[in-house]
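Undergrad: Have a look at the structure that comes next, please.
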Amino acid sequence: MWNVEHRLQGQLDSPLTDEGIAQAHAIADRLDGFGVITVCSSPLGRAMRTATIIADKLGLEVIEVPELAEVDHGALAGMTWDEVDVAYPTAREERAANRYGWAFPGGESYAQARSRARKALSSCGWASEGTPLLVSHEMIGRMLRAELRGLDTPNALGLRHPHGVVFEIDGTSERML
């Protein structure tokens with residue numbers, strides 16, 4: 001719902017839309033027989049609902065991993081960029097000047113989120129005896145993929161992370177399932 005309205009969600013929660021529910025079922029169908037044995041999920045409701053749909057269909061358990069939560073948008077959470085421009089007139093310019101190091105007012109930066117992504121990957125690795133599926137969000141997803149592939153900052157920020165997809169990552173390469 002908030003994605004449709006172009007609202008910054010961050011760690012606020014919104015319900016999974018009908019489209020999101022359909023995407024979760026489609027992902028579960030694609031992953032059937034793929035060897036996933038554990039589903040690690042962000043604790044945010046929209047991700048947890050996605051993870052539960054997938055896990056139920058595959059007969060797996062869901063492990064909540066707090067570090068998989070989306071980048072904290074702080075005071076900007078719930079706002080559109082037009083609303084941000086009024087309340088924080090220099091925010092876009094400051095962010096553009098240092099997208100990786102700039103922190104949302106009262107929230108976190110990509111640099112801080114990348115550290116959290118490292119911890120999440122470790123947690124998911126310890127929680128799973130085989131291939132884990134990580135259910136997260138767009139911005140933290142970039143940092144997870146960057147960590148797994150050893151990408152530098154510009155390449156990490158250049159990653160696109162559409163909804164409803166699964167990335168299989170093996171060493172420095174990835175493919176979208």
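In the structure tokens, chains take the letters A, B, ... in the order shown, each chain's residues start at 1, and ligands count up from 1 in the order shown.
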So that I can check the surroundings of A:Thr131, please list as a compact mmCIF listing (two decimals) with C-alpha atoms, in the first residue's frame every protein, DNA and RNA residue that reaches within 9 Å of it, counting only C-alpha atoms and ignoring chain neighbours fewer than 4 positions away.
TA:
# COMPACT_ATOMS: atom_id res chain seq x y z
CA GLY A 35 16.90 -27.07 -1.56
CA VAL A 36 15.98 -24.22 0.76
CA ILE A 37 15.76 -25.60 4.29
CA THR A 38 15.37 -22.47 6.42
CA GLY A 125 24.30 -18.89 8.36
Undergrad: Just list the residues in chain A DSSP gives strand (DSSP E or B) on the backbone, as a list in words.
TA: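 Reading the DSSP output for chain A, strand (DSSP E or B) covers Arg7, Val36, Ile37, Thr38, Val39, Cys40, Ser41, Val62, Ile63, Glu64, Thr80, Thr131, Pro132, Leu133, Leu134, Val135, Phe167, Glu168, Ile169, Asp170, Ser173, Glu174, Arg175 and Met176 of chain A.
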Undergrad: As a list of chain:residue names, please: the residues near A:His137 (cut-off 10 Å, only C-alpha atoms, same-chain neighbours under 2 positions excluded).
TA: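 Here the answer would be A:Gly10, A:Gln11, A:Ser41, A:Ser42, A:Leu44, A:Arg46, A:Ala47, A:Leu68, A:Ala69, A:Glu70, A:Val71, A:Leu134, A:Val135, A:Met139, A:Ile140, A:Gly141, A:Arg142, A:Leu144, A:His161, A:Pro162, A:His163.
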Undergrad: So how far away is atom CA of A:Ala120 from atom CA of A:Lys57, in Å?
TA: 23.9 Å
Undergrad: At a cut-off of 12 Å, using only C-alpha atoms, what residues contact A:Ile27? Leave out same-chain residues fewer than 2 positions from it and give the result as an NGL selection string.
TA: :A and (20-25 or 29-34 or 36 or 50-55 or 57-58 or 133 or 135 or 163-167 or 176-177)
Undergrad: Write out as a list in words each polymer residue whose atoms come within 9 Å of A:Arg114, counting only C-alpha atoms; drop sequence neighbours fewer than 2 positions from it.
TA: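 Listing them by chain and then by number gives Ser109, Tyr110, Ala111, Gln112, Arg116, Ala117, Arg118, Lys119, Ile140, Arg142, Met143, Leu144, Ala146 and Glu147 of chain A.
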Undergrad: Would you list, as a ChimeraX atom specification, the residues of stretch 2-138 of chain A that end up in helix (DSSP H, G or I) under DSSP run on this structure's backbone?
TA: /A:18-31,45-58,66-68,74-76,81-87,91-97,110-127,138
Undergrad: I'd like the neighbourhood of A:His73 as a VMD selection string, where a residue qualifies if any of its atoms comes within 10 Å (using only C-alpha atoms), though same-chain residues fewer than 5 positions away should be ignored.
TA: chain A and resid 8 to 12 78 to 79 103 to 109
Undergrad: Using only C-alpha atoms, determine which residues lie at most 8 Å from stretch 80-91 of chain A, disregarding the query and same-chain residues fewer than 6 positions distant; provide the list as an mmCIF file with C-alpha atoms, in the first residue's frame.
TA:
data_model
loop_
_atom_site.group_PDB
_atom_site.id
_atom_site.type_symbol
_atom_site.label_atom_id
_atom_site.label_comp_id
_atom_site.auth_asym_id
_atom_site.auth_seq_id
_atom_site.Cartn_x
_atom_site.Cartn_y
_atom_site.Cartn_z
ATOM 1 C CA GLU A 5 1.694 5.894 -2.492
ATOM 2 C CA HIS A 6 5.506 6.266 -2.764
ATOM 3 C CA ARG A 7 5.840 6.630 1.009
ATOM 4 C CA LEU A 8 9.104 5.964 2.780
#
Undergrad: Please, what distance in Å, to one decimal, runs between atom CA of A:Thr17 and atom CA of A:Pro43?
TA: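 So the answer is 17.2 Å.
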Undergrad: Check the smallest atom-to-atom distance from each of A:Ala77, A:Arg49, A:Ser128, A:Leu157 to A:Asp18 using only C-alpha atoms, then report the winner.
TA: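 That would be A:Arg49, the residue with the smallest distance to A:Asp18.
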